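For reference, final_26.txt (compact mmCIF, C-alpha atoms):
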```txt
# COMPACT_ATOMS: atom_id res chain seq x y z
CA MET J 2 35.72 -65.41 -36.60
CA LYS J 3 34.57 -68.89 -36.26
CA LYS J 4 32.65 -69.07 -33.03
CA LYS J 5 33.78 -72.44 -31.85
CA LEU J 6 36.75 -74.55 -32.74
CA THR J 7 35.45 -78.00 -33.64
CA PHE J 8 37.78 -80.78 -34.67
CA ILE J 9 36.55 -82.40 -37.87
CA LEU J 10 37.86 -85.69 -39.23
CA LEU J 11 37.72 -85.37 -42.98
CA THR J 12 36.95 -88.52 -44.92
CA THR J 13 39.91 -89.80 -46.89
CA VAL J 14 37.84 -90.80 -49.91
CA VAL J 15 35.27 -88.45 -51.39
CA SER J 16 33.27 -89.55 -54.42
CA MET J 17 33.97 -87.67 -57.61
CA ALA J 18 30.27 -87.04 -58.02
CA ALA J 19 30.11 -85.21 -54.73
CA LEU J 20 33.21 -83.21 -55.58
CA THR J 21 31.80 -82.19 -58.93
CA ALA J 22 28.50 -81.15 -57.35
CA CYS J 23 30.11 -79.16 -54.53
CA GLY J 24 33.03 -77.72 -56.46
CA GLY J 25 31.31 -76.28 -59.50
CA ASN J 26 32.77 -73.35 -61.37
CA ASN J 27 33.39 -69.87 -60.12
CA GLU J 28 29.97 -68.65 -61.14
CA SER J 29 28.09 -71.33 -59.20
CA SER J 30 30.09 -71.39 -56.00
CA GLY J 31 27.40 -69.59 -54.02
CA GLY J 32 27.76 -66.79 -51.52
CA ASN J 33 27.61 -63.06 -52.13
CA SER J 34 29.65 -60.99 -54.54
CA ALA J 35 30.90 -57.45 -54.34
CA GLN J 36 30.39 -56.01 -57.83
CA SER J 37 33.18 -54.29 -59.74
CA ALA J 38 32.83 -51.60 -62.35
CA GLY J 39 33.79 -54.04 -65.10
CA GLY J 40 30.84 -56.38 -64.50
CA LYS J 41 30.78 -60.17 -64.45
CA GLY J 42 30.93 -60.61 -68.18
CA SER J 43 33.96 -58.43 -68.83
CA ALA J 44 36.97 -60.43 -70.04
CA ASP J 45 39.48 -58.11 -68.39
CA VAL J 46 37.94 -58.45 -64.91
CA LYS J 47 39.95 -60.50 -62.45
CA LYS J 48 37.74 -62.48 -60.09
CA LEU J 49 39.00 -63.30 -56.62
CA ARG J 50 37.05 -65.82 -54.54
CA PHE J 51 37.05 -65.33 -50.76
CA ALA J 52 35.45 -67.96 -48.51
CA THR J 53 34.20 -67.07 -45.05
CA TRP J 54 32.39 -68.89 -42.27
CA ASP J 55 30.73 -65.70 -41.04
CA THR J 56 27.07 -64.75 -41.37
CA GLY J 57 24.89 -61.76 -40.46
CA ASP J 58 26.54 -58.48 -39.52
CA ALA J 59 30.06 -59.91 -39.74
CA LEU J 60 29.41 -61.08 -43.30
CA LYS J 61 28.04 -57.66 -44.27
CA ILE J 62 31.25 -56.05 -43.01
CA GLU J 63 33.34 -58.49 -45.06
CA GLN J 64 31.34 -57.62 -48.15
CA ASP J 65 31.99 -53.93 -47.46
CA ILE J 66 35.71 -54.64 -47.14
CA ALA J 67 35.59 -56.44 -50.50
CA LYS J 68 33.93 -53.41 -52.12
CA LYS J 69 36.61 -51.08 -50.76
CA PHE J 70 39.30 -53.40 -52.09
CA GLU J 71 37.62 -53.40 -55.52
CA ALA J 72 37.53 -49.61 -55.52
CA ASP J 73 41.29 -49.52 -54.95
CA HIS J 74 41.92 -52.24 -57.55
CA PRO J 75 39.95 -51.39 -60.72
CA GLY J 76 39.18 -54.41 -62.83
CA THR J 77 38.94 -56.70 -59.79
CA GLN J 78 35.82 -58.43 -58.51
CA VAL J 79 35.86 -60.09 -55.09
CA GLN J 80 33.33 -62.88 -54.79
CA VAL J 81 32.54 -63.36 -51.09
CA GLU J 82 31.40 -66.94 -50.57
CA ALA J 83 29.51 -67.44 -47.32
CA TYR J 84 29.84 -71.12 -46.36
CA ALA J 85 28.45 -70.69 -42.82
CA ASP J 86 28.06 -73.99 -40.96
CA GLY J 87 29.05 -75.93 -44.09
CA PHE J 88 32.45 -74.25 -44.22
CA ASP J 89 34.66 -77.32 -43.72
CA GLN J 90 32.67 -79.56 -46.02
CA LYS J 91 32.56 -77.02 -48.86
CA LEU J 92 36.20 -76.12 -48.44
CA ALA J 93 37.28 -79.78 -48.48
CA ALA J 94 35.19 -80.39 -51.59
CA GLY J 95 36.76 -77.40 -53.33
CA PHE J 96 40.26 -78.59 -52.55
CA GLY J 97 39.41 -82.11 -53.65
CA ALA J 98 38.10 -80.84 -57.00
CA THR J 99 41.15 -78.51 -57.41
CA ASN J 100 38.68 -75.63 -57.49
CA PRO J 101 39.10 -73.97 -54.09
CA PRO J 102 38.51 -70.30 -53.30
CA ASP J 103 41.62 -68.17 -53.74
CA VAL J 104 41.50 -66.80 -50.20
CA MET J 105 39.78 -68.32 -47.21
CA TYR J 106 39.40 -68.05 -43.47
CA MET J 107 41.42 -70.76 -41.80
CA TRP J 108 42.14 -72.20 -38.37
CA ASP J 109 42.63 -75.95 -38.91
CA PHE J 110 46.10 -75.83 -40.40
CA PRO J 111 47.04 -79.45 -39.62
CA THR J 112 44.15 -80.65 -41.80
CA TYR J 113 44.52 -78.23 -44.68
CA HIS J 114 48.13 -77.02 -44.82
CA ARG J 115 49.14 -79.28 -47.74
CA SER J 116 46.53 -77.49 -49.84
CA LEU J 117 47.68 -74.01 -48.81
CA GLU J 118 50.38 -71.72 -50.17
CA PRO J 119 53.30 -71.15 -47.76
CA LEU J 120 53.38 -67.45 -46.92
CA ASN J 121 56.82 -67.02 -45.36
CA SER J 122 58.30 -65.23 -48.36
CA TYR J 123 55.22 -63.04 -48.76
CA ALA J 124 55.08 -62.02 -45.10
CA ASP J 125 58.82 -61.58 -44.59
CA GLY J 126 59.46 -59.84 -47.90
CA ASP J 127 56.61 -57.33 -47.94
CA LYS J 128 57.29 -54.28 -45.81
CA ASP J 129 53.73 -53.04 -46.42
CA LEU J 130 52.41 -55.89 -44.28
CA ASN J 131 54.51 -54.65 -41.34
CA LYS J 132 54.67 -58.07 -39.72
CA ASP J 133 56.25 -56.61 -36.58
CA ASP J 134 53.00 -54.74 -35.86
CA PHE J 135 51.15 -58.03 -35.20
CA TYR J 136 51.12 -59.76 -31.85
CA SER J 137 53.90 -62.20 -32.60
CA GLY J 138 52.41 -65.20 -30.81
CA LEU J 139 49.51 -65.28 -33.27
CA PHE J 140 51.80 -66.46 -36.06
CA ASN J 141 52.61 -69.61 -34.07
CA TYR J 142 49.03 -70.83 -34.48
CA ALA J 143 49.32 -70.62 -38.28
CA THR J 144 52.68 -72.36 -38.61
CA ILE J 145 53.32 -76.01 -39.45
CA ASP J 146 56.89 -77.37 -39.78
CA ASN J 147 58.25 -73.82 -39.80
CA ASN J 148 56.02 -72.84 -42.73
CA LEU J 149 53.55 -70.00 -42.26
CA TYR J 150 50.19 -70.79 -43.86
CA GLY J 151 47.97 -67.96 -42.61
CA ILE J 152 48.04 -64.28 -41.68
CA PRO J 153 46.23 -63.52 -38.40
CA ALA J 154 42.96 -61.68 -38.95
CA GLY J 155 41.23 -61.96 -35.57
CA PHE J 156 41.52 -63.80 -32.29
CA THR J 157 40.16 -64.27 -28.85
CA THR J 158 41.60 -65.56 -25.65
CA ARG J 159 39.36 -66.69 -22.79
CA VAL J 160 38.40 -64.70 -19.70
CA VAL J 161 35.99 -64.93 -16.79
CA TYR J 162 32.83 -62.82 -17.17
CA TYR J 163 31.13 -61.76 -13.95
CA ASN J 164 27.81 -60.13 -13.12
CA LYS J 165 28.60 -57.06 -11.03
CA LYS J 166 25.09 -56.78 -9.60
CA MET J 167 25.18 -60.33 -8.28
CA PHE J 168 28.54 -59.67 -6.65
CA ASP J 169 27.20 -56.42 -5.15
CA ASP J 170 24.07 -58.13 -3.83
CA ALA J 171 26.20 -60.81 -2.16
CA GLY J 172 28.62 -58.24 -0.73
CA ILE J 173 31.58 -59.79 -2.53
CA ALA J 174 34.42 -57.74 -3.99
CA TYR J 175 34.87 -57.99 -7.75
CA PRO J 176 37.59 -60.41 -8.88
CA LYS J 177 40.89 -58.88 -9.91
CA ASP J 178 43.78 -60.00 -12.07
CA GLY J 179 46.07 -62.16 -9.98
CA TRP J 180 43.24 -64.03 -8.24
CA THR J 181 43.41 -67.78 -7.64
CA TRP J 182 41.15 -70.77 -8.19
CA ASP J 183 40.65 -70.85 -4.42
CA ASP J 184 39.32 -67.29 -4.68
CA PHE J 185 37.14 -68.34 -7.59
CA GLN J 186 35.63 -71.35 -5.83
CA SER J 187 35.06 -69.42 -2.60
CA ALA J 188 33.17 -66.71 -4.52
CA ALA J 189 31.16 -69.33 -6.40
CA GLN J 190 30.02 -70.90 -3.12
CA LYS J 191 28.94 -67.54 -1.70
CA LEU J 192 27.13 -66.56 -4.89
CA THR J 193 25.09 -69.75 -4.98
CA ASP J 194 21.51 -69.69 -3.70
CA LYS J 195 19.68 -72.83 -4.77
CA SER J 196 16.36 -71.52 -3.48
CA LYS J 197 16.60 -68.92 -6.26
CA LYS J 198 18.13 -71.38 -8.73
CA GLN J 199 21.16 -69.14 -8.69
CA TYR J 200 24.70 -70.48 -9.02
CA GLY J 201 28.21 -69.14 -8.84
CA PHE J 202 29.41 -70.66 -12.10
CA GLY J 203 28.22 -72.57 -15.15
CA VAL J 204 29.98 -75.69 -16.44
CA ARG J 205 29.37 -76.80 -20.03
CA ALA J 206 27.84 -80.23 -20.52
CA GLU J 207 29.78 -80.48 -23.77
CA ASN J 208 33.24 -78.95 -23.45
CA ASP J 209 35.60 -78.21 -26.29
CA THR J 210 38.83 -79.85 -25.16
CA TYR J 211 40.76 -77.21 -27.10
CA ASP J 212 39.46 -74.50 -24.78
CA LEU J 213 40.21 -76.55 -21.66
CA GLN J 214 43.92 -76.59 -22.49
CA GLY J 215 44.38 -73.21 -20.82
CA PHE J 216 43.25 -74.66 -17.49
CA VAL J 217 45.38 -77.77 -17.97
CA TRP J 218 48.51 -75.78 -18.84
CA SER J 219 47.89 -73.46 -15.89
CA ASN J 220 48.01 -76.46 -13.56
CA GLY J 221 51.27 -77.64 -15.10
CA GLY J 222 49.66 -80.35 -17.23
CA SER J 223 49.37 -81.05 -20.95
CA TYR J 224 47.47 -83.38 -23.24
CA ILE J 225 50.57 -84.47 -25.14
CA SER J 226 54.36 -84.26 -25.00
CA ASP J 227 56.10 -81.30 -26.64
CA ASP J 228 57.31 -83.52 -29.49
CA GLY J 229 53.74 -84.66 -30.16
CA LYS J 230 54.52 -88.36 -29.76
CA THR J 231 53.33 -89.30 -26.26
CA ILE J 232 50.07 -88.94 -24.36
CA ASP J 233 50.62 -91.43 -21.51
CA GLY J 234 51.83 -89.45 -18.50
CA PHE J 235 50.55 -86.22 -20.04
CA MET J 236 46.86 -86.53 -20.88
CA ASN J 237 46.37 -88.62 -17.73
CA SER J 238 48.85 -86.81 -15.48
CA LYS J 239 47.68 -85.73 -12.03
CA GLU J 240 47.96 -82.10 -13.17
CA THR J 241 45.71 -82.62 -16.19
CA ALA J 242 43.25 -84.68 -14.17
CA GLY J 243 43.26 -82.13 -11.35
CA ALA J 244 42.34 -79.23 -13.63
CA ILE J 245 39.39 -81.11 -15.14
CA GLN J 246 38.28 -82.65 -11.84
CA MET J 247 37.88 -79.17 -10.38
CA PHE J 248 34.82 -78.54 -12.55
CA GLY J 249 33.33 -81.92 -11.72
CA ASP J 250 33.79 -81.15 -8.03
CA MET J 251 32.05 -77.78 -8.35
CA LEU J 252 29.05 -79.50 -9.87
CA LYS J 253 29.03 -82.05 -7.06
CA ASN J 254 29.22 -79.45 -4.28
CA GLY J 255 26.49 -77.37 -5.92
CA SER J 256 28.46 -74.16 -6.51
CA ALA J 257 28.13 -74.66 -10.28
CA VAL J 258 25.35 -75.78 -12.58
CA LEU J 259 25.55 -77.82 -15.77
CA THR J 260 24.64 -75.83 -18.87
CA GLY J 261 23.98 -76.48 -22.53
CA GLY J 262 23.09 -80.16 -22.29
CA LYS J 263 20.04 -81.77 -23.83
CA GLY J 264 17.00 -79.73 -22.87
CA GLN J 265 19.13 -77.19 -20.99
CA GLN J 266 19.75 -73.53 -21.66
CA SER J 267 23.16 -72.39 -22.82
CA GLY J 268 25.49 -70.84 -20.28
CA GLU J 269 25.29 -67.52 -22.09
CA ASP J 270 21.51 -67.45 -21.79
CA ILE J 271 21.59 -68.38 -18.11
CA PHE J 272 24.18 -65.68 -17.47
CA LYS J 273 22.01 -63.13 -19.27
CA GLY J 274 19.11 -64.28 -17.09
CA GLY J 275 21.07 -63.42 -13.95
CA LYS J 276 21.17 -67.01 -12.70
CA ILE J 277 24.92 -67.63 -12.86
CA ALA J 278 27.36 -65.08 -11.54
CA MET J 279 30.45 -66.16 -13.48
CA TRP J 280 30.98 -67.55 -16.95
CA GLU J 281 34.12 -68.44 -18.88
CA SER J 282 34.36 -67.73 -22.60
CA GLY J 283 35.98 -65.78 -25.42
CA ILE J 284 34.95 -62.42 -26.85
CA TRP J 285 31.87 -63.77 -28.66
CA PRO J 286 29.10 -63.23 -26.06
CA LEU J 287 30.28 -59.85 -24.74
CA GLU J 288 28.03 -57.67 -26.90
CA SER J 289 24.98 -59.84 -26.19
CA PHE J 290 25.65 -59.54 -22.45
CA LYS J 291 25.74 -55.75 -22.73
CA GLN J 292 22.61 -55.70 -24.90
CA ALA J 293 20.82 -57.79 -22.28
CA GLY J 294 21.50 -55.06 -19.73
CA ILE J 295 24.00 -57.06 -17.68
CA ASP J 296 26.50 -54.90 -15.81
CA VAL J 297 29.31 -57.21 -16.84
CA GLY J 298 32.97 -57.27 -15.95
CA THR J 299 35.84 -59.34 -17.30
CA VAL J 300 38.93 -60.62 -15.54
CA GLU J 301 41.87 -62.83 -16.46
CA MET J 302 41.80 -66.51 -15.57
CA PRO J 303 42.59 -67.50 -11.97
CA ALA J 304 45.89 -69.15 -11.02
CA PHE J 305 46.60 -72.49 -9.43
CA PRO J 306 48.82 -72.15 -6.30
CA GLY J 307 52.38 -71.27 -7.23
CA LYS J 308 51.83 -71.73 -10.97
CA PRO J 309 51.66 -69.18 -13.81
CA VAL J 310 48.36 -68.61 -15.55
CA LYS J 311 48.32 -69.89 -19.13
CA GLY J 312 45.92 -69.05 -21.92
CA VAL J 313 44.81 -70.54 -25.23
CA VAL J 314 44.04 -68.61 -28.40
CA ALA J 315 41.17 -69.12 -30.81
CA GLU J 316 42.42 -67.53 -34.00
CA SER J 317 41.07 -66.78 -37.44
CA ALA J 318 43.64 -66.32 -40.19
CA LEU J 319 43.54 -65.78 -43.93
CA SER J 320 45.18 -68.30 -46.24
CA ILE J 321 45.81 -68.65 -49.98
CA ALA J 322 45.02 -71.87 -51.83
CA LYS J 323 48.00 -73.57 -53.42
CA ASP J 324 45.84 -74.10 -56.53
CA SER J 325 44.90 -70.42 -56.81
CA LYS J 326 45.67 -68.78 -60.14
CA GLN J 327 45.52 -65.34 -58.53
CA LYS J 328 48.13 -65.61 -55.76
CA GLU J 329 49.57 -62.11 -56.08
CA LEU J 330 46.09 -60.57 -56.11
CA ALA J 331 45.10 -62.82 -53.22
CA TRP J 332 48.08 -61.56 -51.24
CA GLU J 333 47.08 -57.94 -51.92
CA PHE J 334 43.58 -58.71 -50.65
CA ILE J 335 44.94 -60.31 -47.48
CA LYS J 336 47.14 -57.29 -46.84
CA TYR J 337 44.14 -55.01 -47.10
CA TYR J 338 41.99 -57.28 -44.95
CA VAL J 339 44.54 -57.07 -42.11
CA SER J 340 45.27 -53.38 -42.64
CA SER J 341 44.42 -50.90 -39.91
CA GLU J 342 41.48 -49.59 -41.96
CA ALA J 343 39.86 -53.01 -42.40
CA ILE J 344 40.60 -54.13 -38.84
CA LYS J 345 38.68 -51.13 -37.52
CA MET J 346 35.73 -52.09 -39.69
CA ARG J 347 35.60 -55.63 -38.23
CA VAL J 348 34.22 -54.61 -34.85
CA ALA J 349 33.41 -58.18 -33.74
CA ASP J 350 37.08 -59.18 -33.84
CA LEU J 351 39.77 -58.29 -31.37
CA PRO J 352 42.41 -56.28 -33.28
CA VAL J 353 45.57 -58.23 -34.15
CA ARG J 354 47.78 -55.16 -34.70
CA VAL J 355 49.54 -53.52 -31.78
CA SER J 356 49.14 -50.08 -33.38
CA VAL J 357 45.34 -50.43 -33.68
CA VAL J 358 45.01 -51.68 -30.10
CA SER J 359 47.05 -48.70 -28.92
CA GLU J 360 45.07 -46.22 -31.03
CA LEU J 361 41.72 -47.57 -29.85
CA LYS J 362 43.05 -47.99 -26.30
CA LYS J 363 41.64 -51.53 -26.18
CA ASP J 364 44.42 -52.60 -23.84
CA GLN J 365 43.36 -49.89 -21.39
CA ASP J 366 39.63 -50.61 -21.47
CA PRO J 367 38.76 -52.72 -18.39
CA LEU J 368 36.44 -54.93 -20.47
CA TYR J 369 39.01 -55.69 -23.16
CA LYS J 370 42.33 -55.57 -21.32
CA PRO J 371 42.04 -59.14 -19.91
CA TYR J 372 41.93 -60.61 -23.43
CA TYR J 373 45.29 -59.02 -24.19
CA THR J 374 46.70 -59.97 -20.78
CA MET J 375 45.76 -63.57 -21.54
CA LEU J 376 47.31 -63.27 -25.01
CA GLU J 377 50.65 -62.55 -23.36
CA ARG J 378 50.17 -65.77 -21.38
CA SER J 379 49.30 -67.90 -24.44
CA ASP J 380 52.67 -69.29 -25.46
CA ASN J 381 51.97 -73.04 -25.27
CA THR J 382 51.40 -75.03 -28.46
CA PRO J 383 47.93 -76.64 -28.73
CA ALA J 384 47.84 -80.42 -29.08
CA PHE J 385 46.22 -80.41 -32.53
CA LEU J 386 49.30 -78.62 -33.92
CA LEU J 387 51.64 -81.25 -32.49
CA ASN J 388 50.22 -84.46 -33.97
CA ASP J 389 48.31 -84.99 -37.19
CA LYS J 390 46.34 -87.84 -35.61
CA TRP J 391 44.98 -85.61 -32.87
CA ASN J 392 41.41 -85.71 -34.18
CA GLU J 393 41.26 -89.44 -33.43
CA VAL J 394 42.78 -89.01 -29.97
CA ASN J 395 40.51 -86.08 -29.20
CA ARG J 396 37.37 -88.19 -29.54
CA GLN J 397 38.47 -90.29 -26.56
CA LEU J 398 39.53 -87.22 -24.59
CA SER J 399 36.19 -85.48 -25.24
CA ALA J 400 34.31 -88.53 -24.01
CA ALA J 401 36.43 -88.57 -20.84
CA VAL J 402 35.76 -84.89 -20.11
CA GLU J 403 32.03 -85.38 -20.67
CA ALA J 404 32.10 -88.29 -18.23
CA VAL J 405 33.80 -86.14 -15.59
CA VAL J 406 31.17 -83.39 -15.70
CA HIS J 407 28.55 -86.11 -15.29
CA GLY J 408 30.18 -87.48 -12.17
CA SER J 409 33.07 -89.75 -13.17
CA ASN J 410 36.52 -89.51 -11.61
CA ALA J 411 38.86 -87.55 -13.87
CA GLN J 412 41.91 -89.71 -13.27
CA ASP J 413 40.04 -92.91 -14.11
CA ALA J 414 38.38 -91.40 -17.17
CA LEU J 415 41.64 -90.02 -18.53
CA ASN J 416 43.51 -93.27 -17.92
CA GLN J 417 40.90 -95.00 -20.03
CA ALA J 418 41.09 -92.32 -22.71
CA VAL J 419 44.86 -92.82 -22.98
CA LYS J 420 44.43 -96.58 -23.21
CA ASP J 421 41.84 -96.18 -25.97
CA SER J 422 43.89 -93.59 -27.88
CA GLU J 423 47.46 -94.88 -27.93
CA ARG J 424 46.84 -97.06 -30.98
CA TYR J 425 46.41 -93.91 -33.04
CA LEU J 426 49.92 -92.70 -32.20
CA LYS J 427 51.76 -95.85 -33.31
```
Please express the file's structure as structure tokens.
Amino acid sequence: MKKKLTFILLTTVVSMAALTACGGNNESSGGNSAQSAGGKGSADVKKLRFATWDTGDALKIEQDIAKKFEADHPGTQVQVEAYADGFDQKLAAGFGATNPPDVMYMWDFPTYHRSLEPLNSYADGDKDLNKDDFYSGLFNYATIDNNLYGIPAGFTTRVVYYNKKMFDDAGIAYPKDGWTWDDFQSAAQKLTDKSKKQYGFGVRAENDTYDLQGFVWSNGGSYISDDGKTIDGFMNSKETAGAIQMFGDMLKNGSAVLTGGKGQQSGEDIFKGGKIAMWESGIWPLESFKQAGIDVGTVEMPAFPGKPVKGVVAESALSIAKDSKQKELAWEFIKYYVSSEAIKMRVADLPVRVSVVSELKKDQDPLYKPYYTMLERSDNTPAFLLNDKWNEVNRQLSAAVEAVVHGSNAQDALNQAVKDSERYLK
């Protein structure tokens, strides 16, 4: 799945020359192809284009899935197009030139949904999909105006990673589900030893405001009203400011260290080096932590006093282009891609089917259970799904959050962000 959700403001006017260069025809779209028995030149071969943002091992698995689909569908060739870091630009160019891939990974539904095929009738009318076997909340992230535009393929929620050895050395009990932010901050203080350049927690110099929503919701705040029309009194509420200020305060009192800024190591690398005891993230770094020899644990997010813990989901879904000429074949491919067989092949993703999670006992594994606990707590709607001008607003919010981790007061910074953003909502 895409490793970081990044809001991208697409330009409203793209030159036809650029579209022609990027769009091309099916044969020149780039990426890797899984070969069918019929061969590229055969007139009776149906070609299905599938665009992915993945690279490396994840891409190899997707190519293997495509080959298995071809084997079950003689006369079909799946062309896997690996767009990598250029995913959004290439996808936008394809849509603009009315030559998009048939099937694509998708997360930014507010930007792209007008170019996607609504899937309600497919998903509700096809018993082979077995929609009830999916974690139901995942469909909310792929729905705009009651239309479903993507089928969940993978997801992650966010948890706290902790280094068991560092906790053992400090004589501190491991954190448990149900802990609080007071517990968290107390542990961070005790785990900090500046003489060893060792800290309790790492705070990102550049935070994705999408990910921070879980903390904000947990403190009773929100970036925007439920109807998506108002940010004043929400984005700058005391609850929102309090959640973000907490990280600024930890940097000021020395129990946390800033990570990932210019000339600084990433938080993942510092965690692997045994210099921060706790780190907050999704599923992505878990394997690298284990490969680095870290005796790592995971735990659900802490709670603010008297308030329920809330989570946020980063989801990858599969969508069909409205301009696709192979919609029925595309739907068959999606069904296979989210089948139990294919889900088990995609080992880097958290399974989206309840039956697979139960079979693999993921929800009983101490390392993986917190992700599913947090999924049950992820029922709020992210801001970018509530207002189609959110990208513009988010630039001001991101600047405010960056200012806070560099020492500014959260309330003041958010008040200014609201003032600078309200023109976009008129």
Long-range neighbours of stretch 351-363 of chain J as a list in words, 7 Å cut-off, all atoms listed in the file, 4 positions minimum in chain: Asp134, Phe135, Tyr136, Pro153, Ala154, Gly155, Phe156, Thr157, Ser341, Ile344, Tyr369 and Lys370 of chain J
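Candidate residues J:Val314, J:Ala93, J:Leu149, J:Ala404 were compared for distance to J:Ile284, and the nearest is J:Val314, using all atoms listed in the file.
Nearest to J:Phe70 of all the residues J:Asp270, J:Glu333, J:Asp89, J:Glu82 is J:Glu333, based on all atoms listed in the file.
Taking only C-alpha atoms, the non-local environment of stretch 318-323 of chain J within 7 Å (same-chain residues fewer than 2 positions away omitted) comprises Pro101, Pro102, Asp103, Val104, Met105, Tyr106, Met107, Trp108, Ser116, Leu117, Glu118, Tyr150, Gly151, Ile152, Pro153, Ala154, Gly155, Glu316, Ser325, Lys328, Ala331 and Ile335 of chain J.
Remark: for J:Thr56, the closest of the candidate residues J:Lys230, J:Lys128, J:Phe202, J:Ala349 is J:Ala349 (distances computed over all atoms listed in the file).
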May I have the residues within 8 Å of J:Asn220 as a PyMOL selection string, using all atoms listed in the file and disregarding those fewer than 4 positions away in the same chain? chain J and resi 216+240-241+243-244+305+308
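The coordinates place atom CA of J:Ser317 at 16.3 Å from atom CA of J:Lys132.
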Ranking J:Met279, J:Leu139, J:Leu120, J:Ala384 by minimum distance to J:Gln214 and counting only C-alpha atoms, which one comes first? J:Ala384
Selection as JSON, numbers by chain: residues within 12 Å of (54.0, -79.4, -44.4), counting all atoms listed in the file: {"J": [110, 111, 112, 113, 114, 115, 116, 117, 118, 119, 143, 144, 145, 146, 147, 148, 149, 150, 386, 389]}
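Our summary of the geometry notes that atom CA of J:Met167 is positioned 6.2 Å from atom CA of J:Ala278.
If you measure from each of J:Leu287, J:Ile245, J:Val405, J:Ala171 to J:Leu368 using only C-alpha atoms, the closest one turns out to be J:Leu287.
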Contacts of J:Phe235 at 9 Å or less, counting all atoms listed in the file, minus same-chain residues fewer than 3 places along, as a list in words? Gly222, Ser223, Tyr224, Ile225, Ser226, Thr231, Ile232, Ser238, Lys239, Glu240 and Thr241 of chain J
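Distance-wise, atom CA of J:Gln186 and atom CA of J:Thr260 end up 17.6 Å apart.
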Supply stretch 362-373 of chain J as a tab-separated table (two decimals), in the frame of the given file, with N, CA, C and O atoms built in where the input has gaps.
```tsv
chain	number	residue	atom	x	y	z
J	362	LYS	N	42.88	-47.84	-27.75
J	362	LYS	CA	43.05	-47.99	-26.30
J	362	LYS	C	42.32	-49.24	-25.77
J	362	LYS	O	41.81	-49.26	-24.65
J	363	LYS	N	42.29	-50.28	-26.59
J	363	LYS	CA	41.64	-51.53	-26.18
J	363	LYS	C	42.34	-52.14	-24.98
J	363	LYS	O	41.69	-52.75	-24.11
J	364	ASP	N	43.67	-52.00	-24.94
J	364	ASP	CA	44.42	-52.60	-23.84
J	364	ASP	C	44.30	-51.81	-22.55
J	364	ASP	O	44.82	-52.23	-21.51
J	365	GLN	N	43.60	-50.67	-22.60
J	365	GLN	CA	43.36	-49.89	-21.39
J	365	GLN	C	41.90	-49.96	-20.94
J	365	GLN	O	41.57	-49.54	-19.83
J	366	ASP	N	41.04	-50.47	-21.79
J	366	ASP	CA	39.63	-50.61	-21.47
J	366	ASP	C	39.47	-51.81	-20.53
J	366	ASP	O	39.87	-52.92	-20.87
J	367	PRO	N	38.87	-51.61	-19.34
J	367	PRO	CA	38.76	-52.72	-18.39
J	367	PRO	C	38.06	-53.96	-18.95
J	367	PRO	O	38.37	-55.07	-18.54
J	368	LEU	N	37.14	-53.78	-19.90
J	368	LEU	CA	36.44	-54.93	-20.47
J	368	LEU	C	37.31	-55.73	-21.43
J	368	LEU	O	37.15	-56.94	-21.57
J	369	TYR	N	38.22	-55.04	-22.12
J	369	TYR	CA	39.01	-55.69	-23.16
J	369	TYR	C	40.44	-56.03	-22.74
J	369	TYR	O	41.06	-56.94	-23.31
J	370	LYS	N	40.94	-55.34	-21.74
J	370	LYS	CA	42.33	-55.57	-21.32
J	370	LYS	C	42.61	-57.03	-20.97
J	370	LYS	O	43.66	-57.56	-21.34
J	371	PRO	N	41.71	-57.75	-20.26
J	371	PRO	CA	42.04	-59.14	-19.91
J	371	PRO	C	42.30	-60.05	-21.11
J	371	PRO	O	43.09	-61.00	-21.00
J	372	TYR	N	41.67	-59.78	-22.25
J	372	TYR	CA	41.93	-60.61	-23.43
J	372	TYR	C	43.38	-60.47	-23.87
J	372	TYR	O	44.02	-61.45	-24.28
J	373	TYR	N	43.91	-59.25	-23.78
J	373	TYR	CA	45.29	-59.02	-24.19
J	373	TYR	C	46.27	-59.49	-23.11
J	373	TYR	O	47.37	-59.95	-23.44
```
